[in-house]
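A.B. asks: Here you go, work.txt (compact mmCIF, C-alpha atoms):
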# COMPACT_ATOMS: atom_id res chain seq x y z
CA MET B 1 -64.48 110.18 3.16
CA LEU B 2 -68.07 109.27 4.01
CA LYS B 3 -69.88 107.32 1.36
CA GLY B 4 -72.50 109.32 -0.46
CA CYS B 5 -70.49 112.53 -0.28
CA VAL B 6 -69.49 114.22 -3.50
CA VAL B 7 -66.25 112.73 -4.82
CA LEU B 8 -63.72 115.44 -5.58
CA LEU B 9 -61.84 113.47 -8.21
CA THR B 10 -62.79 114.68 -11.67
CA VAL B 11 -62.00 113.36 -15.13
CA ASN B 12 -61.66 115.65 -18.11
CA ARG B 13 -63.44 113.53 -20.72
CA TYR B 14 -62.10 115.68 -23.55
CA LYS B 15 -58.56 114.65 -22.53
CA CYS B 16 -59.01 111.07 -21.24
CA CYS B 17 -57.61 108.48 -23.66
CA TYR B 18 -59.21 105.62 -21.64
CA CYS B 19 -55.99 103.64 -21.17
CA GLY B 20 -56.86 102.29 -17.71
CA ALA B 21 -53.52 103.09 -16.04
CA CYS B 22 -55.46 104.92 -13.30
CA VAL B 23 -57.56 101.80 -12.64
CA GLY B 24 -54.38 99.74 -12.19
CA VAL B 25 -53.02 101.96 -9.40
CA CYS B 26 -56.28 102.74 -7.58
CA PRO B 27 -55.91 101.24 -4.09
CA SER B 28 -59.66 101.37 -3.37
CA LEU B 29 -61.14 99.76 -6.51
CA ALA B 30 -62.96 103.05 -7.05
CA LEU B 31 -62.30 103.35 -10.78
CA GLU B 32 -63.73 101.30 -13.62
CA LEU B 33 -63.08 101.73 -17.32
CA VAL B 34 -66.17 100.99 -19.42
CA GLU B 35 -64.82 101.15 -22.97
CA THR B 36 -64.18 104.88 -23.38
CA TRP B 37 -65.90 105.91 -20.16
CA LEU B 38 -64.06 106.14 -16.84
CA GLU B 39 -66.43 105.62 -13.90
CA ILE B 40 -65.54 106.99 -10.46
CA SER B 41 -67.36 105.42 -7.51
CA ALA B 42 -68.03 106.77 -4.04
CA ASP B 43 -65.24 104.50 -2.76
CA CYS B 44 -62.70 107.08 -4.00
CA THR B 45 -60.56 108.38 -1.14
CA GLU B 46 -59.03 111.19 -3.24
CA CYS B 47 -55.53 109.84 -2.65
CA GLY B 48 -54.43 111.30 -5.99
CA LEU B 49 -52.31 108.34 -7.19
CA CYS B 50 -54.37 108.15 -10.40
CA THR B 51 -53.72 111.82 -11.16
CA ARG B 52 -49.97 111.22 -11.06
CA ILE B 53 -50.05 108.15 -13.28
CA CYS B 54 -52.37 109.64 -15.92
CA PRO B 55 -50.19 110.03 -19.05
CA VAL B 56 -52.30 112.89 -20.39
CA GLY B 57 -53.26 114.74 -17.21
CA ALA B 58 -56.99 114.07 -17.48
CA LEU B 59 -57.55 113.46 -13.75
CA GLU B 60 -57.64 116.06 -11.02
CA VAL B 61 -58.54 116.12 -7.34
CA LYS B 62 -60.36 119.40 -6.83
CA ALA B 63 -59.46 121.18 -3.62
CA MET M 1 -74.95 80.63 -19.56
CA LYS M 2 -72.83 77.66 -18.43
CA CYS M 3 -69.32 76.63 -19.44
CA ASP M 4 -66.12 75.06 -18.05
CA VAL M 5 -64.13 78.28 -18.01
CA VAL M 6 -64.92 81.94 -18.49
CA VAL M 7 -62.08 84.18 -19.67
CA VAL M 8 -62.19 87.90 -18.92
CA GLY M 9 -60.33 89.83 -21.61
CA ALA M 10 -59.51 89.01 -25.24
CA GLY M 11 -55.93 90.27 -25.50
CA PRO M 12 -53.04 87.95 -26.42
CA GLY M 13 -53.12 86.20 -22.99
CA GLY M 14 -56.88 85.57 -22.99
CA SER M 15 -56.95 84.42 -26.60
CA MET M 16 -54.01 82.02 -26.25
CA PHE M 17 -55.59 80.60 -23.10
CA SER M 18 -58.95 80.19 -24.86
CA LYS M 19 -57.42 78.51 -27.90
CA THR M 20 -55.36 76.09 -25.78
CA ALA M 21 -58.24 75.22 -23.45
CA ALA M 22 -60.77 74.83 -26.29
CA GLU M 23 -58.39 72.57 -28.21
CA ALA M 24 -58.08 70.44 -25.07
CA GLY M 25 -61.86 69.97 -25.15
CA LEU M 26 -63.03 72.56 -22.61
CA LYS M 27 -66.15 74.63 -23.14
CA VAL M 28 -64.71 78.16 -23.13
CA VAL M 29 -66.43 81.56 -23.11
CA MET M 30 -64.16 84.60 -23.62
CA LEU M 31 -65.49 88.06 -22.73
CA GLU M 32 -64.21 91.33 -24.18
CA LYS M 33 -65.62 94.54 -22.78
CA ARG M 34 -64.81 96.53 -25.89
CA GLN M 35 -66.87 96.29 -29.02
CA GLU M 36 -63.72 95.81 -31.10
CA ILE M 37 -60.94 93.43 -30.09
CA GLY M 38 -57.48 95.02 -30.25
CA ASP M 39 -58.55 98.62 -30.56
CA PRO M 40 -57.59 101.13 -29.19
CA VAL M 41 -54.01 99.88 -28.95
CA ARG M 42 -51.94 100.51 -25.80
CA CYS M 43 -48.63 99.13 -26.93
CA ALA M 44 -45.33 99.81 -28.70
CA GLU M 45 -45.87 96.59 -30.71
CA GLY M 46 -42.31 95.17 -30.63
CA VAL M 47 -41.77 91.40 -30.21
CA GLY M 48 -38.98 88.87 -30.59
CA LYS M 49 -39.16 86.79 -33.74
CA ARG M 50 -38.22 83.36 -32.49
CA ALA M 51 -40.41 83.28 -29.41
CA LEU M 52 -43.40 84.53 -31.38
CA SER M 53 -43.06 81.98 -34.16
CA LYS M 54 -43.04 79.16 -31.59
CA MET M 55 -46.49 80.16 -30.36
CA VAL M 56 -48.41 81.26 -33.45
CA GLU M 57 -48.20 80.76 -37.18
CA LEU M 58 -46.75 83.98 -38.58
CA ASP M 59 -49.00 85.99 -40.85
CA SER M 60 -47.93 88.97 -42.94
CA ARG M 61 -51.29 90.66 -42.25
CA TRP M 62 -50.18 91.56 -38.72
CA ILE M 63 -46.43 92.04 -39.16
CA ALA M 64 -45.92 95.73 -39.87
CA SER M 65 -42.16 95.43 -40.25
CA GLU M 66 -39.09 93.39 -39.53
CA VAL M 67 -36.11 95.08 -37.90
CA LYS M 68 -32.41 94.32 -38.27
CA GLY M 69 -31.28 95.42 -34.86
CA ALA M 70 -31.36 98.01 -32.14
CA ARG M 71 -29.56 101.28 -31.52
CA ILE M 72 -29.17 102.53 -27.97
CA ILE M 73 -28.54 106.24 -27.53
CA ALA M 74 -26.96 107.62 -24.34
CA PRO M 75 -27.91 111.01 -22.87
CA ASP M 76 -24.74 112.53 -24.41
CA GLY M 77 -25.66 111.19 -27.86
CA THR M 78 -23.28 108.20 -27.92
CA SER M 79 -24.92 105.52 -29.98
CA ILE M 80 -24.40 101.76 -29.58
CA VAL M 81 -25.64 99.25 -32.14
CA MET M 82 -26.87 95.86 -31.01
CA SER M 83 -27.75 93.88 -33.94
CA GLU M 84 -29.12 91.48 -36.30
CA ASP M 85 -30.39 88.11 -35.19
CA LYS M 86 -29.52 88.61 -31.56
CA GLY M 87 -30.75 92.14 -31.00
CA GLY M 88 -33.81 90.82 -32.75
CA ALA M 89 -34.46 88.37 -29.95
CA GLU M 90 -35.74 91.34 -27.98
CA VAL M 91 -37.33 93.21 -30.84
CA GLY M 92 -37.53 91.59 -34.23
CA TYR M 93 -40.99 92.27 -35.52
CA VAL M 94 -43.13 95.33 -35.08
CA LEU M 95 -46.72 94.17 -35.04
CA GLU M 96 -50.01 95.69 -36.09
CA ARG M 97 -51.76 94.93 -32.80
CA LYS M 98 -55.24 95.80 -34.06
CA VAL M 99 -54.94 92.98 -36.59
CA PHE M 100 -52.82 90.68 -34.40
CA ASP M 101 -55.15 90.65 -31.38
CA ARG M 102 -58.12 90.04 -33.64
CA ALA M 103 -56.33 87.16 -35.38
CA LEU M 104 -55.51 85.48 -32.05
CA ALA M 105 -59.15 85.82 -30.96
CA GLU M 106 -60.24 84.33 -34.29
CA ASN M 107 -57.88 81.39 -33.69
CA ALA M 108 -59.52 80.87 -30.29
CA ALA M 109 -62.98 81.01 -31.89
CA ARG M 110 -61.89 78.57 -34.59
CA ALA M 111 -60.72 76.17 -31.86
CA GLY M 112 -64.26 76.28 -30.43
CA ALA M 113 -64.18 79.09 -27.85
CA LYS M 114 -67.24 81.29 -27.70
CA VAL M 115 -66.37 85.01 -27.93
CA LEU M 116 -68.65 87.69 -26.51
CA VAL M 117 -67.70 91.29 -27.33
CA LYS M 118 -69.11 94.40 -25.67
CA THR M 119 -69.46 92.21 -22.58
CA ARG M 120 -67.90 93.41 -19.33
CA ALA M 121 -67.41 91.25 -16.24
CA THR M 122 -68.79 93.08 -13.21
CA GLY M 123 -68.03 90.63 -10.40
CA LEU M 124 -67.46 87.03 -9.34
CA LEU M 125 -70.27 84.56 -8.70
CA ARG M 126 -69.65 82.56 -5.54
CA LYS M 127 -71.00 79.37 -4.04
CA ASP M 128 -70.08 78.74 -0.41
CA GLY M 129 -67.57 81.55 -0.81
CA VAL M 130 -65.80 79.90 -3.75
CA PRO M 131 -65.80 81.64 -7.17
CA CYS M 132 -68.01 79.82 -9.70
CA GLY M 133 -68.29 82.21 -12.64
CA VAL M 134 -68.89 85.90 -13.27
CA THR M 135 -71.67 88.40 -13.50
CA ALA M 136 -71.42 90.53 -16.60
CA MET M 137 -73.03 93.37 -18.48
CA ARG M 138 -73.63 92.56 -22.12
CA PHE M 139 -74.78 95.39 -24.32
CA GLY M 140 -76.58 96.94 -21.37
CA GLU M 141 -78.10 93.74 -20.03
CA ALA M 142 -77.08 91.72 -17.00
CA LEU M 143 -75.72 88.29 -17.78
CA ARG M 144 -74.67 85.42 -15.54
CA ILE M 145 -71.98 82.99 -16.65
CA ASP M 146 -71.58 79.90 -14.48
CA ALA M 147 -68.16 78.27 -14.72
CA PRO M 148 -66.00 76.46 -12.16
CA LEU M 149 -62.94 78.36 -13.43
CA VAL M 150 -62.46 82.09 -14.11
CA ILE M 151 -59.43 83.46 -15.99
CA GLY M 152 -58.43 87.06 -15.35
CA ALA M 153 -56.78 88.25 -18.56
CA ASP M 154 -58.12 91.73 -18.02
CA GLY M 155 -54.94 93.70 -18.44
CA VAL M 156 -53.40 96.58 -16.54
CA GLU M 157 -56.81 97.57 -15.12
CA SER M 158 -57.48 93.98 -13.94
CA LYS M 159 -60.27 93.45 -11.44
CA VAL M 160 -60.62 89.66 -11.45
CA GLY M 161 -57.63 89.09 -9.15
CA ARG M 162 -58.74 91.78 -6.74
CA TRP M 163 -62.26 90.35 -6.60
CA ALA M 164 -60.67 86.98 -5.74
CA GLY M 165 -58.58 88.47 -2.94
CA ILE M 166 -55.27 88.80 -4.85
CA ASP M 167 -53.84 92.28 -4.41
CA THR M 168 -52.75 93.36 -7.88
CA ALA M 169 -52.89 97.13 -7.27
CA LEU M 170 -49.69 98.65 -8.65
CA LYS M 171 -47.52 100.99 -6.61
CA LEU M 172 -46.37 104.07 -8.52
CA LYS M 173 -42.80 102.75 -8.54
CA ASP M 174 -44.04 99.58 -10.24
CA ILE M 175 -45.78 101.05 -13.29
CA GLU M 176 -44.48 103.06 -16.21
CA THR M 177 -46.82 105.72 -17.56
CA CYS M 178 -46.44 105.84 -21.33
CA ALA M 179 -47.38 107.93 -24.35
CA GLN M 180 -46.67 107.26 -28.01
CA PHE M 181 -47.22 108.84 -31.40
CA LEU M 182 -47.19 107.01 -34.70
CA VAL M 183 -44.81 109.41 -36.42
CA GLN M 184 -44.34 109.87 -40.16
CA ASP M 185 -40.98 111.44 -40.96
CA SER M 186 -38.49 111.10 -43.81
CA SER M 187 -35.59 110.69 -41.34
CA ILE M 188 -36.99 107.48 -39.81
CA ASP M 189 -34.67 104.48 -40.18
CA ASP M 190 -36.98 101.66 -41.28
CA SER M 191 -34.65 98.88 -40.18
CA TYR M 192 -33.54 99.75 -36.63
CA CYS M 193 -35.32 100.08 -33.34
CA GLU M 194 -33.99 102.94 -31.27
CA PHE M 195 -33.83 103.36 -27.50
CA TYR M 196 -32.94 106.75 -26.00
CA LEU M 197 -31.91 106.93 -22.35
CA GLY M 198 -31.81 109.97 -20.10
CA ASN M 199 -33.40 111.34 -16.96
CA SER M 200 -34.52 114.55 -18.63
CA ILE M 201 -36.16 112.87 -21.64
CA ALA M 202 -37.76 109.90 -19.83
CA PRO M 203 -37.13 109.78 -16.06
CA ALA M 204 -36.48 106.16 -15.00
CA GLY M 205 -37.77 104.95 -18.34
CA TYR M 206 -36.73 105.33 -21.96
CA VAL M 207 -37.82 106.63 -25.32
CA TRP M 208 -38.40 104.06 -28.05
CA SER M 209 -38.76 104.28 -31.79
CA PHE M 210 -40.07 101.10 -33.42
CA PRO M 211 -40.31 101.34 -37.22
CA LYS M 212 -43.53 100.23 -38.88
CA GLY M 213 -42.31 100.60 -42.47
CA LYS M 214 -42.61 103.35 -45.07
CA LYS M 215 -41.02 106.01 -42.82
CA LEU M 216 -43.51 105.43 -40.02
CA ALA M 217 -42.51 104.58 -36.45
CA ASN M 218 -44.08 104.13 -33.03
CA VAL M 219 -42.22 106.83 -31.12
CA GLY M 220 -43.06 106.72 -27.45
CA LEU M 221 -41.75 106.90 -23.93
CA GLY M 222 -42.33 105.60 -20.45
CA VAL M 223 -41.82 107.44 -17.16
CA LEU M 224 -41.74 105.60 -13.85
CA GLY M 225 -44.95 106.40 -11.96
CA SER M 226 -43.09 107.54 -8.85
CA ARG M 227 -41.22 110.11 -10.99
CA SER M 228 -44.32 111.29 -12.84
CA LYS M 229 -46.77 114.12 -12.35
CA PRO M 230 -50.13 114.66 -14.08
CA GLY M 231 -49.74 114.58 -17.87
CA GLU M 232 -45.94 114.13 -17.69
CA ALA M 233 -45.65 111.31 -20.24
CA LEU M 234 -47.45 113.22 -22.99
CA ARG M 235 -45.62 116.47 -22.18
CA LEU M 236 -42.21 114.79 -22.42
CA LEU M 237 -43.18 112.96 -25.60
CA ARG M 238 -44.20 116.20 -27.32
CA GLN M 239 -40.91 117.73 -26.22
CA PHE M 240 -38.91 114.80 -27.60
CA VAL M 241 -40.75 114.57 -30.91
CA ASP M 242 -40.59 118.33 -31.51
CA LYS M 243 -36.83 118.18 -31.10
CA ARG M 244 -36.02 114.87 -32.80
CA TYR M 245 -38.61 115.06 -35.61
CA PRO M 246 -39.31 118.78 -36.11
CA ASN M 247 -41.06 118.04 -39.39
CA GLY M 248 -42.66 114.78 -38.23
CA ARG M 249 -46.39 114.17 -38.38
CA ALA M 250 -48.12 112.35 -35.55
CA VAL M 251 -50.84 110.34 -37.27
CA GLU M 252 -51.95 108.37 -34.21
CA MET M 253 -51.75 108.72 -30.45
CA VAL M 254 -51.47 105.85 -27.97
CA VAL M 255 -51.22 105.99 -24.17
CA GLY M 256 -51.13 103.41 -21.41
CA GLY M 257 -49.71 102.08 -18.18
CA ASP M 258 -47.13 99.30 -18.23
CA PRO M 259 -46.73 97.13 -15.12
CA CYS M 260 -43.09 96.70 -14.00
CA SER M 261 -43.56 95.15 -10.57
CA GLY M 262 -41.88 91.80 -11.23
CA PRO M 263 -43.68 88.63 -10.11
CA ILE M 264 -46.54 89.22 -7.68
CA GLU M 265 -47.08 86.93 -4.71
CA SER M 266 -49.89 84.87 -6.14
CA THR M 267 -51.62 84.47 -9.49
CA VAL M 268 -54.07 81.72 -8.53
CA ALA M 269 -56.92 81.51 -6.05
CA ASP M 270 -59.71 78.98 -5.69
CA GLY M 271 -61.36 78.86 -9.13
CA VAL M 272 -59.24 81.72 -10.52
CA MET M 273 -56.04 82.12 -12.58
CA LEU M 274 -54.49 85.38 -13.80
CA VAL M 275 -52.48 85.75 -17.02
CA GLY M 276 -50.54 88.51 -18.77
CA ASP M 277 -50.66 92.13 -17.60
CA ALA M 278 -53.41 91.12 -15.14
CA ALA M 279 -50.81 88.85 -13.49
CA ARG M 280 -48.17 91.62 -13.85
CA GLN M 281 -46.07 89.28 -16.02
CA THR M 282 -44.61 92.12 -18.09
CA ASP M 283 -40.82 92.37 -18.29
CA PRO M 284 -39.96 95.21 -15.86
CA LEU M 285 -36.79 96.20 -17.73
CA THR M 286 -38.04 96.35 -21.32
CA GLY M 287 -41.75 96.75 -20.67
CA GLY M 288 -42.46 93.93 -23.13
CA GLY M 289 -45.53 91.91 -22.23
CA ILE M 290 -47.03 90.28 -25.33
CA LEU M 291 -44.93 87.12 -25.44
CA ASN M 292 -45.10 86.53 -21.67
CA ALA M 293 -48.87 86.90 -21.76
CA MET M 294 -49.15 84.42 -24.65
CA GLU M 295 -46.86 81.89 -22.99
CA ALA M 296 -48.68 82.21 -19.66
CA GLY M 297 -52.00 81.81 -21.51
CA ILE M 298 -50.82 78.56 -23.07
CA ILE M 299 -49.54 77.18 -19.73
CA ALA M 300 -52.76 78.19 -17.96
CA GLY M 301 -54.82 76.56 -20.74
CA GLU M 302 -53.00 73.26 -20.32
CA VAL M 303 -53.36 73.38 -16.53
CA ALA M 304 -57.05 74.31 -16.82
CA ALA M 305 -57.75 71.24 -18.95
CA LYS M 306 -56.12 68.98 -16.34
CA ALA M 307 -57.76 70.70 -13.38
CA ILE M 308 -61.26 70.59 -14.90
CA SER M 309 -60.98 66.92 -15.83
CA ALA M 310 -59.60 66.10 -12.37
CA GLY M 311 -62.44 68.11 -10.83
CA ASP M 312 -60.05 70.16 -8.71
CA VAL M 313 -59.94 73.88 -9.46
CA SER M 314 -58.92 74.89 -5.94
CA ALA M 315 -55.81 77.04 -5.58
CA SER M 316 -53.81 73.88 -4.86
CA GLY M 317 -55.27 72.15 -7.92
CA LEU M 318 -54.08 75.09 -10.03
CA LYS M 319 -50.63 75.22 -8.47
CA GLU M 320 -49.01 73.68 -11.54
CA TYR M 321 -49.71 76.95 -13.40
CA GLU M 322 -48.02 78.94 -10.66
CA ASP M 323 -44.99 76.59 -10.65
CA ARG M 324 -44.58 76.47 -14.41
CA TRP M 325 -44.82 80.17 -15.20
CA ARG M 326 -42.55 81.08 -12.29
CA ALA M 327 -39.91 78.64 -13.52
CA THR M 328 -39.77 80.31 -16.93
CA ILE M 329 -41.31 83.80 -17.19
CA GLY M 330 -41.02 84.37 -13.44
CA ARG M 331 -37.29 83.73 -13.28
CA HIS M 332 -36.70 86.06 -16.18
CA ILE M 333 -38.83 88.93 -14.88
CA SER M 334 -37.38 88.65 -11.36
CA ARG M 335 -33.94 89.31 -12.82
CA SER M 336 -35.29 92.11 -14.96
CA TYR M 337 -36.90 93.65 -11.89
CA GLU M 338 -33.56 93.77 -10.10
CA PHE M 339 -31.93 95.33 -13.15
CA LYS M 340 -34.73 97.87 -13.38
CA GLU M 341 -34.49 98.75 -9.67
CA PHE M 342 -30.78 99.40 -10.20
CA PHE M 343 -30.97 101.28 -13.51
CA VAL M 344 -33.70 103.69 -12.37
CA LYS M 345 -31.23 105.06 -9.82
CA LEU M 346 -28.55 105.93 -12.39
CA SER M 347 -27.71 109.53 -13.23
CA ASP M 348 -27.15 110.67 -16.81
CA ASP M 349 -23.41 110.66 -16.07
CA ASP M 350 -23.62 107.01 -15.05
CA LEU M 351 -25.56 106.17 -18.20
CA ASN M 352 -23.05 108.03 -20.37
CA ARG M 353 -20.18 106.21 -18.70
CA LEU M 354 -21.82 102.81 -19.12
CA LEU M 355 -22.79 103.21 -22.77
CA GLY M 356 -19.51 105.00 -23.53
CA SER M 357 -17.62 101.96 -22.24
CA LEU M 358 -19.20 99.85 -24.98
CA LYS M 359 -17.56 101.85 -27.76
CA GLY M 360 -15.25 99.57 -29.69
CA GLU M 361 -17.00 96.42 -28.41
CA ASP M 362 -18.45 94.11 -31.01
CA LEU M 363 -22.10 93.76 -30.07
CA THR M 364 -23.34 92.59 -33.44
CA LYS M 365 -24.15 89.16 -32.07
CA THR M 366 -25.26 90.23 -28.63
CA ASP M 367 -28.71 90.29 -27.08
CA LEU M 368 -29.79 92.43 -24.13
CA ARG M 369 -28.60 89.85 -21.61
CA GLY M 370 -25.24 89.52 -23.35
CA MET M 371 -24.86 93.28 -23.44
CA LEU M 372 -25.49 93.47 -19.69
CA ARG M 373 -22.75 90.89 -19.21
CA VAL M 374 -20.30 92.96 -21.29
CA LEU M 375 -21.29 96.07 -19.34
CA PHE M 376 -20.53 94.30 -16.10
CA ARG M 377 -17.14 93.15 -17.32
CA LEU M 378 -16.23 96.71 -18.30
CA ASN M 379 -17.76 98.50 -15.30
CA PRO M 380 -17.49 96.11 -12.35
CA LYS M 381 -17.36 98.89 -9.76
CA LEU M 382 -20.44 100.77 -10.94
CA LEU M 383 -22.42 97.56 -11.42
CA TRP M 384 -21.14 95.72 -8.33
CA GLU M 385 -24.65 95.38 -6.89
CA LEU M 386 -25.67 93.35 -9.93
CA ARG M 387 -22.85 90.81 -9.82
CA HIS M 388 -25.11 87.98 -8.62
CA LEU M 389 -27.33 88.48 -11.68
CA VAL M 390 -24.59 88.54 -14.26
CA ILE M 391 -22.19 85.84 -13.18
Re-express the file's structure as structure tokens.

C.D. replies:
Amino acid sequence: MLKGCVVLLTVNRYKCCYCGACVGVCPSLALELVETWLEISADCTECGLCTRICPVGALEVKA
Amino acid sequence: MKCDVVVVGAGPGGSMFSKTAAEAGLKVVMLEKRQEIGDPVRCAEGVGKRALSKMVELDSRWIASEVKGARIIAPDGTSIVMSEDKGGAEVGYVLERKVFDRALAENAARAGAKVLVKTRATGLLRKDGVPCGVTAMRFGEALRIDAPLVIGADGVESKVGRWAGIDTALKLKDIETCAQFLVQDSSIDDSYCEFYLGNSIAPAGYVWSFPKGKKLANVGLGVLGSRSKPGEALRLLRQFVDKRYPNGRAVEMVVGGDPCSGPIESTVADGVMLVGDAARQTDPLTGGGILNAMEAGIIAGEVAAKAISAGDVSASGLKEYEDRWRATIGRHISRSYEFKEFFVKLSDDDLNRLLGSLKGEDLTKTDLRGMLRVLFRLNPKLLWELRHLVI
């Protein structure tokens, strides 16, 4: 994906329990957990690994 | 700000490092991105008694309960008791991590380490390409901390290693995705830890119940990442708890990812050492990581003191850390990784057969390793692939 485009990975902040498992599997260093706030950078390639590891299903790659 | 060593993360690994290094005379600054150390918890809180008491003076404020032994339950309901002192080598105390982590950080502070909370490392400082500290964000303001040595004790979501060129990204097959409730229920056995196995209740993982006293227990489960789909851990946990504790009350919820990759290729780089979950030093079979992180923190603290006084913090100057943790923790988790890689392939029938074979065996003085040896003796054909680990 070109940088500056809209990233299609979304986090449901009402579900996220800010555990950081998604950050640990992200191959592109695109996620950062700032206390209770998950930041998604433009480096995200929408590979979806984080959505599968999320224990509560808070992450989704929108089609 | 200038110091000898900056530590990123104030969990058990970071705090034990900071205490050890500060006691050896180093000027230590430990950063914690959260405003409160130890909270929210991401852990089942079980630890072995003996190993813990060797590293820290026990304190009743952070011991929630003491368990007598462990019960392992097969998919068909067969239950095996592993007990007393020996079973307790794996799980003997159930901690109150919120209090425990804080106490370890206080010990580090008492030894002279400076602790900065609500301070998040954002990158490495470099001079001629070599790391020489970190940039950080402290309560919304940029901060620069110059230090010849950086310790990555930043947990499952570690960035320090990756900034330094060490690939710590976890493959889905090398992380368990976990969910846990603190359950209150009158049927909870306050003196035994329980482990439930089965591919339908926790695919390539297990369900645990660690009692915290007064009919409370951490009831949780892990699912191997490669067998998981979005929200799977929480969905399976709800299913298990509804069935096992229909009248139970979940008074707390905990989630997290548990590395189970076994030893990674490198945990040092020029000016950088990784400890604990950041170094993926968790036991891949049990998921236990507290004691390994603490031990690695102590080793790294001793090596840091030598390296700083010798003026050599290059990767080769830090090699002693690599050698020492691999000889102890590393050997153990390599074996556990092989066991894990084997056990995740087993069907429920295999699990039933294995645990069923233990009926009538006296396991009252057996630890996990001893039990694996008995299993091998009784099921040599099924466990043939593991013979080199058991003999």

A.B. asks: Rank nothing, just name the residue among M:Lys19, M:His388, M:Lys171, M:Arg373 nearest to Arg280 in chain M, using all atoms listed in the file.

C.D. replies: M:Lys171

A.B. asks: Using all atoms listed in the file, what residues lie at most 8 Å away from (-46.0, 85.5, -24.2) (file coordinates), given as a list in words?

C.D. replies: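 Taken together, the residues in range are Pro12, Gly13, Ala51, Leu52, Gly276, Gly289, Ile290, Leu291, Asn292, Ala293, Met294, Glu295, Ala296 and Gly297 of chain M.
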
A.B. asks: Which residue is closest to Glu36 in chain M? Choose from M:Val117, M:Val207, M:Ile329, M:Ala111 and count only C-alpha atoms.

C.D. replies: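 Result for the nearest residue to Glu36 in chain M: M:Val117.
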
A.B. asks: By how many Å are CA of Lys243 in chain M and CA of Phe210 in chain M apart?

C.D. replies: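 The value is 17.5 Å.
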
A.B. asks: Measuring atom to atom with only C-alpha atoms, identify which of M:Ala74, M:Leu26, M:Val156, M:Val313 is nearest to chain B.

C.D. replies: M:Val156

A.B. asks: Calculate how many Å separate CA of Asp39 in chain M from CA of Cys17 in chain B, rounding to one decimal.

C.D. replies: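 Spanning CA of Asp39 in chain M to CA of Cys17 in chain B is a straight-line distance of 12.1 Å.
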
A.B. asks: Kindly provide, as number ranges by chain, the residues of chain M having any atom no farther than 8 Å from an atom of chain B, counting all atoms listed in the file.

C.D. replies: M: 33-34, 42, 120, 156-158, 168-172, 177-179, 225, 228-235, 254-258

A.B. asks: Give me, as a VMD selection string, all polymer residues having an atom no more than 7 Å from Glu46 in chain B, counting all atoms listed in the file and skipping those fewer than 3 positions away in the same chain.

C.D. replies: chain B and resid 8 to 9 61

A.B. asks: For the selection just defined, write its residues with C-alpha atoms to a file, as an mmCIF file, keeping the file's coordinate frame.

C.D. replies:
data_model
loop_
_atom_site.group_PDB
_atom_site.id
_atom_site.type_symbol
_atom_site.label_atom_id
_atom_site.label_comp_id
_atom_site.auth_asym_id
_atom_site.auth_seq_id
_atom_site.Cartn_x
_atom_site.Cartn_y
_atom_site.Cartn_z
ATOM 1 C CA LEU B 8 -63.720 115.440 -5.580
ATOM 2 C CA LEU B 9 -61.840 113.470 -8.210
ATOM 3 C CA VAL B 61 -58.540 116.120 -7.340
#

A.B. asks: Using the file's own x, y and z axes, so that the box edges lie along x, y and z, what centre and edge lengths in Å (one decimal) does a box around every listed atom of range 262-272 of chain M get when 3 Å is added on each side? Give it as lines of an AutoDock Vina configuration file.

C.D. replies:
center_x = -51.6
center_y = 85.3
center_z = -8.0
size_x = 25.5
size_y = 18.9
size_z = 12.5

A.B. asks: Kindly give the distance, in Å, that separates CA of Lys214 in chain M and CA of Gly48 in chain M, rounded to a single decimal.

C.D. replies: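 CA of Lys214 in chain M sits 20.8 Å away from CA of Gly48 in chain M.
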
A.B. asks: Do a neighbour search on Ser314 in chain M at 10 Å with only C-alpha atoms, toss out local chain neighbours closer than 5 positions, and write the hits as a ChimeraX atom specification.

C.D. replies: /M:130-131,148-149,268-272,307,319

A.B. asks: Considering all atoms listed in the file, can you say which of M:Thr267, M:Thr78, M:Thr122, M:Ser83 comes closest to Tyr196 in chain M?

C.D. replies: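 Checking each candidate against Tyr196 in chain M, we get M:Thr78 as the closest.
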
A.B. asks: Please provide the set of residues having any atom within 8 Å of range 98-100 of chain M, restricted to all atoms listed in the file, with same-chain residues fewer than 3 positions apart removed, written as a list in words.

C.D. replies: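 The contact residues come out as Ile37, Gly38, Asp39, Pro40, Val41, Arg61, Trp62, Leu95, Ala103 and Leu104 of chain M.
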
A.B. asks: Extract, using only C-alpha atoms, all DNA, RNA and protein residues at most 7 Å from Asp43 in chain B, discarding same-chain residues fewer than 2 positions from it, and format them as a list in words.

C.D. replies: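 Counting only C-alpha atoms, the residues come to Lys3, Ser28, Ala30, Ser41 and Thr45 of chain B.
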
A.B. asks: Can I get the selected residues back with C-alpha atoms, as a PDB file, keeping the file's coordinate frame?

C.D. replies:
ATOM      1  CA  LYS B   3     -69.880 107.320   1.360  1.00  0.00           C
ATOM      2  CA  SER B  28     -59.660 101.370  -3.370  1.00  0.00           C
ATOM      3  CA  ALA B  30     -62.960 103.050  -7.050  1.00  0.00           C
ATOM      4  CA  SER B  41     -67.360 105.420  -7.510  1.00  0.00           C
ATOM      5  CA  THR B  45     -60.560 108.380  -1.140  1.00  0.00           C
TER       6      THR B  45
END
